[in-house]
Amino acid sequence: MTTSQSSVSPSITVAEITAALTAIVAAELGVDPSSIRPDTDLRAEQGADSVKVLRTIAKVEREYDIELEDEEVFGASTVGEIANVVYRTVTAS
Amino acid sequence: MTSATAAPATETNQHYDLNPDIFGLFLDPLRKYSSGIYATPQTTLAQAQVAKLHFVADRLQVTEGARLLDVGCGWGSLVLFMARDYQARVTGISPAGRQHDYITQRVAEEGLGDRVRILTGYFEDAPIDEVPPGGFDGVSMLGSIVHMPDLGHAMSRARSLLRRGGRYYVSESCFRNAATRAKFDVGPGLAFVRKEIFGWGDMRPLSDLVEAAEDAGFSVVSVDDLTNDYWRTIEDWHANVLANADAIDAIQPGMAAILANYLEIANAGWGYTTKHYALTCKKAR
């Protein structure tokens with residue numbers, strides 16, 4: 001990431017967030033983005049530990065300029081779940 | 001300068017007993033290995049560490065000639081600073097022998113030998129004739145109580161060394177509450193840090209520190225949240241490790257990657273799982 005500015009547009013979709021999240025997760029885990037799917041369980045993924053999950057969440061919060069609730073940070077496990085949480089938070093703000 | 005109880009380089013202090021030159025390659029010029037305080041977005045690491053030392057002096061209400069004890073004194077940043085800038089009479093204690101040697105050299109270079117005394121050993125076991133009860137106006141522990149297994153004893157001893165009205169400053173990294181500690185204390189991130197960096201360490205929640213301070217007889221003066229400052233401090237250290245990785249590895253092969261991983265783990269948790277607090281207490285009676 002070269003900018004900390006939010007890249008959120010008013011008409012953002014869950015699919016767009018999922019795509020952005022997939023790229024972040026792939027970079028964080030050091031794997032190919034094609035190996036990440038919406039039902040990929042981050043906490044079960046090899047190489048994903050709590051530290052990497054937190055780093056992913058932190059990047060997502062910065063990227064979308066949002067603050068997720070604790071239960072979302074520590075509760076969501078799959079890429080799809082996190083994308084939905086981000087979508088709800090972004091569109092509610 | 002005296003060498004008190006000789007401490008073996010046990011796993012708890014191996015990291016701190018590494019070649020001091022390694023730390024010169026990523027810390028600030030004072031080699032202060034704890035959080036700075038960043039006043040502005042432009043504040044540098046070096047400025048932040050000096051600001052932090054003034055902050056500690058303020059919390060301890062350091063005056064000229066004050067008798068201070070810095071527990072876990074590292075490479076002497078606080079000891080030398082308080083002796084030089086506040087004309088305080090400072091005792092530092094650390095179990096790491098190479099830190100002792102480094103500070104001894106710095107003290108000689110700066111001509112502070114009449115105001116600085118460095119003890120090598122564990123604070124908990126330091127002999128009474130070296131650290132007399134009631135003999136200090138201020139006691140500081142910057143990131144060191146995390147390595148002391150007996151919290152109650154450490155705080156009771158700190159209080160016993162203070163005169164009436166003396167102050168005790170402790171800044172420490174803490175799990176943000178007991179539940180977070182129970183969940184993440186056994187995680188792979190902390191396991192790596194314990195194995196490769198610190199040895200034994202217990203990031204007790206602030207509530208544990210406050211409880212122990214009260215049980216020891218202290219009054220609490222203030223609590224400051226330095227979490228964001230430590231995040232920036234570690235960002236700066238991390239950037240320095242990456243920039244000087246070759247030089248670090250030349251001193252100790254593989255150390256740059258270990259340090260970088262440690263600093264990344266530390267900075268992932270701030271706010272989510274961990275906090276960094278400064279707790280100031282007073283021996284009110």
# chains A, B, ... in the order shown; residues from 1 in each chain; ligands from 1
call {"tool": "residues_around", "arguments": {"residues": "B:Gln252", "least_positions_apart": "3", "cutoff": "9 Å", "atoms": "only C-alpha atoms", "output": "tab-separated table (two decimals) with N, CA and C atoms, in the first residue's frame"}}
result
chain	number	residue	atom	x	y	z
B	18	LEU	N	23.12	-9.35	24.47
B	18	LEU	CA	23.74	-9.42	23.14
B	18	LEU	C	24.72	-8.26	22.98
B	19	ASN	N	25.54	-8.37	21.95
B	19	ASN	CA	26.49	-7.31	21.63
B	19	ASN	C	25.77	-5.95	21.58
B	22	ILE	N	24.61	-4.15	18.32
B	22	ILE	CA	23.38	-4.50	17.60
B	22	ILE	C	22.31	-3.45	17.89
B	247	ALA	N	24.29	-4.94	8.47
B	247	ALA	CA	25.23	-4.67	9.56
B	247	ALA	C	24.87	-5.46	10.82
B	248	ILE	N	23.57	-5.61	11.08
B	248	ILE	CA	23.13	-6.40	12.24
B	248	ILE	C	23.52	-7.86	12.06
B	249	ASP	N	23.27	-8.38	10.87
B	249	ASP	CA	23.60	-9.79	10.61
B	249	ASP	C	25.11	-10.04	10.60
B	255	MET	N	20.08	-12.31	13.06
B	255	MET	CA	19.44	-11.50	14.09
B	255	MET	C	18.48	-10.46	13.51
B	256	ALA	N	18.77	-9.93	12.32
B	256	ALA	CA	17.89	-8.90	11.74
B	256	ALA	C	16.48	-9.45	11.52
call {"tool": "interface_residues", "arguments": {"of": "chain A", "to": "chain B", "cutoff": "8 Å", "atoms": "only C-alpha atoms", "output": "NGL selection string"}}
result
:A and (49-52 or 54-55 or 58 or 70)
call {"tool": "select_by_dssp", "arguments": {"residues": "chain A", "states": "helix (DSSP H, G or I)", "output": "number ranges by chain"}}
result
A: 14-29, 33-35, 50-64, 70-75, 79-92
call {"tool": "residues_around", "arguments": {"residues": "stretch 29-42 of chain A", "least_positions_apart": "2", "cutoff": "10 Å", "atoms": "only C-alpha atoms", "output": "list of chain:residue names"}}
result
A:Ala15, A:Thr18, A:Ala19, A:Leu21, A:Thr22, A:Ala23, A:Ile24, A:Val25, A:Ala26, A:Ala27, A:Ala44, A:Glu45, A:Gln46, A:Gly47, A:Ala48, A:Asp49, A:Ser50, A:Lys52, A:Val53, A:Thr56, A:Ala76, A:Ser77, A:Thr78, A:Val79, A:Gly80, A:Glu81, A:Ile82, A:Ala83
call {"tool": "write_last_selection", "arguments": {"atoms": "N, CA and C atoms", "output": "compact mmCIF listing (two decimals), in the first residue's frame"}}
result
# COMPACT_ATOMS: atom_id res chain seq x y z
N ALA A 15 -18.49 -7.65 -3.27
CA ALA A 15 -17.53 -8.31 -4.16
C ALA A 15 -16.23 -7.51 -4.27
N THR A 18 -14.38 -7.95 -1.05
CA THR A 18 -13.80 -9.29 -0.99
C THR A 18 -12.52 -9.36 -1.82
N ALA A 19 -12.56 -8.72 -2.99
CA ALA A 19 -11.37 -8.73 -3.86
C ALA A 19 -10.20 -7.99 -3.20
N LEU A 21 -9.83 -7.43 0.01
CA LEU A 21 -9.45 -8.18 1.20
C LEU A 21 -8.60 -9.39 0.83
N THR A 22 -8.96 -10.04 -0.27
CA THR A 22 -8.19 -11.19 -0.74
C THR A 22 -6.75 -10.79 -1.03
N ALA A 23 -6.58 -9.63 -1.65
CA ALA A 23 -5.23 -9.15 -1.96
C ALA A 23 -4.44 -8.87 -0.67
N ILE A 24 -5.12 -8.26 0.30
CA ILE A 24 -4.45 -7.96 1.58
C ILE A 24 -4.04 -9.25 2.28
N VAL A 25 -4.97 -10.20 2.33
CA VAL A 25 -4.71 -11.47 3.02
C VAL A 25 -3.57 -12.22 2.33
N ALA A 26 -3.60 -12.24 1.00
CA ALA A 26 -2.56 -12.95 0.25
C ALA A 26 -1.19 -12.35 0.53
N ALA A 27 -1.15 -11.01 0.56
CA ALA A 27 0.13 -10.34 0.83
C ALA A 27 0.60 -10.64 2.25
N ALA A 44 -7.56 -20.86 10.35
CA ALA A 44 -7.16 -22.25 10.15
C ALA A 44 -6.08 -22.36 9.07
N GLU A 45 -5.88 -21.28 8.32
CA GLU A 45 -4.94 -21.29 7.20
C GLU A 45 -3.51 -21.49 7.69
N GLN A 46 -2.78 -22.33 6.98
CA GLN A 46 -1.38 -22.52 7.37
C GLN A 46 -0.62 -21.20 7.20
N GLY A 47 0.12 -20.85 8.19
CA GLY A 47 0.86 -19.59 8.13
C GLY A 47 0.07 -18.42 8.69
N ALA A 48 -1.23 -18.63 8.93
CA ALA A 48 -2.04 -17.56 9.52
C ALA A 48 -2.09 -17.80 11.02
N ASP A 49 -1.55 -16.90 11.76
CA ASP A 49 -1.70 -16.99 13.20
C ASP A 49 -2.41 -15.73 13.65
N SER A 50 -2.63 -15.61 14.95
CA SER A 50 -3.40 -14.48 15.44
C SER A 50 -2.74 -13.16 15.08
N LYS A 52 -0.97 -12.47 12.34
CA LYS A 52 -1.24 -12.12 10.93
C LYS A 52 -2.70 -11.70 10.73
N VAL A 53 -3.60 -12.36 11.43
CA VAL A 53 -5.00 -11.97 11.33
C VAL A 53 -5.17 -10.53 11.82
N THR A 56 -3.88 -8.13 9.31
CA THR A 56 -4.83 -8.01 8.21
C THR A 56 -5.98 -7.08 8.59
N ALA A 76 -14.81 -12.95 13.47
CA ALA A 76 -14.87 -13.33 12.06
C ALA A 76 -13.67 -14.19 11.69
N SER A 77 -13.92 -15.25 10.95
CA SER A 77 -12.84 -16.19 10.61
C SER A 77 -12.55 -16.27 9.12
N THR A 78 -13.61 -16.23 8.31
CA THR A 78 -13.38 -16.41 6.88
C THR A 78 -13.27 -15.06 6.18
N VAL A 79 -12.66 -15.09 5.01
CA VAL A 79 -12.53 -13.87 4.20
C VAL A 79 -13.90 -13.28 3.92
N GLY A 80 -14.88 -14.16 3.61
CA GLY A 80 -16.23 -13.69 3.32
C GLY A 80 -16.87 -13.01 4.52
N GLU A 81 -16.67 -13.60 5.70
CA GLU A 81 -17.24 -13.00 6.91
C GLU A 81 -16.66 -11.61 7.17
N ILE A 82 -15.36 -11.52 7.03
CA ILE A 82 -14.71 -10.22 7.25
C ILE A 82 -15.19 -9.21 6.22
N ALA A 83 -15.33 -9.66 4.97
CA ALA A 83 -15.80 -8.76 3.91
C ALA A 83 -17.20 -8.24 4.24
call {"tool": "closest_residue", "arguments": {"among": "B:Ile251, B:Ala284, B:Leu263, B:Asn177", "to": "B:Ala216", "atoms": "only C-alpha atoms"}}
result
B:Ala284
call {"tool": "residues_around", "arguments": {"residues": "B:Asp224", "least_positions_apart": "4", "cutoff": "8 Å", "atoms": "only C-alpha atoms", "output": "PDB file with C-alpha atoms, in the first residue's frame"}}
result
ATOM      1  CA  TYR B 277       0.681   2.181  30.184  1.00  0.00           C
ATOM      2  CA  ALA B 278       2.703   4.428  32.449  1.00  0.00           C
ATOM      3  CA  LEU B 279       1.643   4.006  36.065  1.00  0.00           C
TER       4      LEU B 279
END
call {"tool": "residues_around", "arguments": {"residues": "stretch 51-63 of chain B", "least_positions_apart": "3", "cutoff": "10 Å", "atoms": "only C-alpha atoms", "output": "number ranges by chain"}}
result
B: 32, 34-39, 43, 45-48, 66-68, 77-79, 81-82, 85-88, 137-140, 142, 166-171, 221-222, 229, 278-282
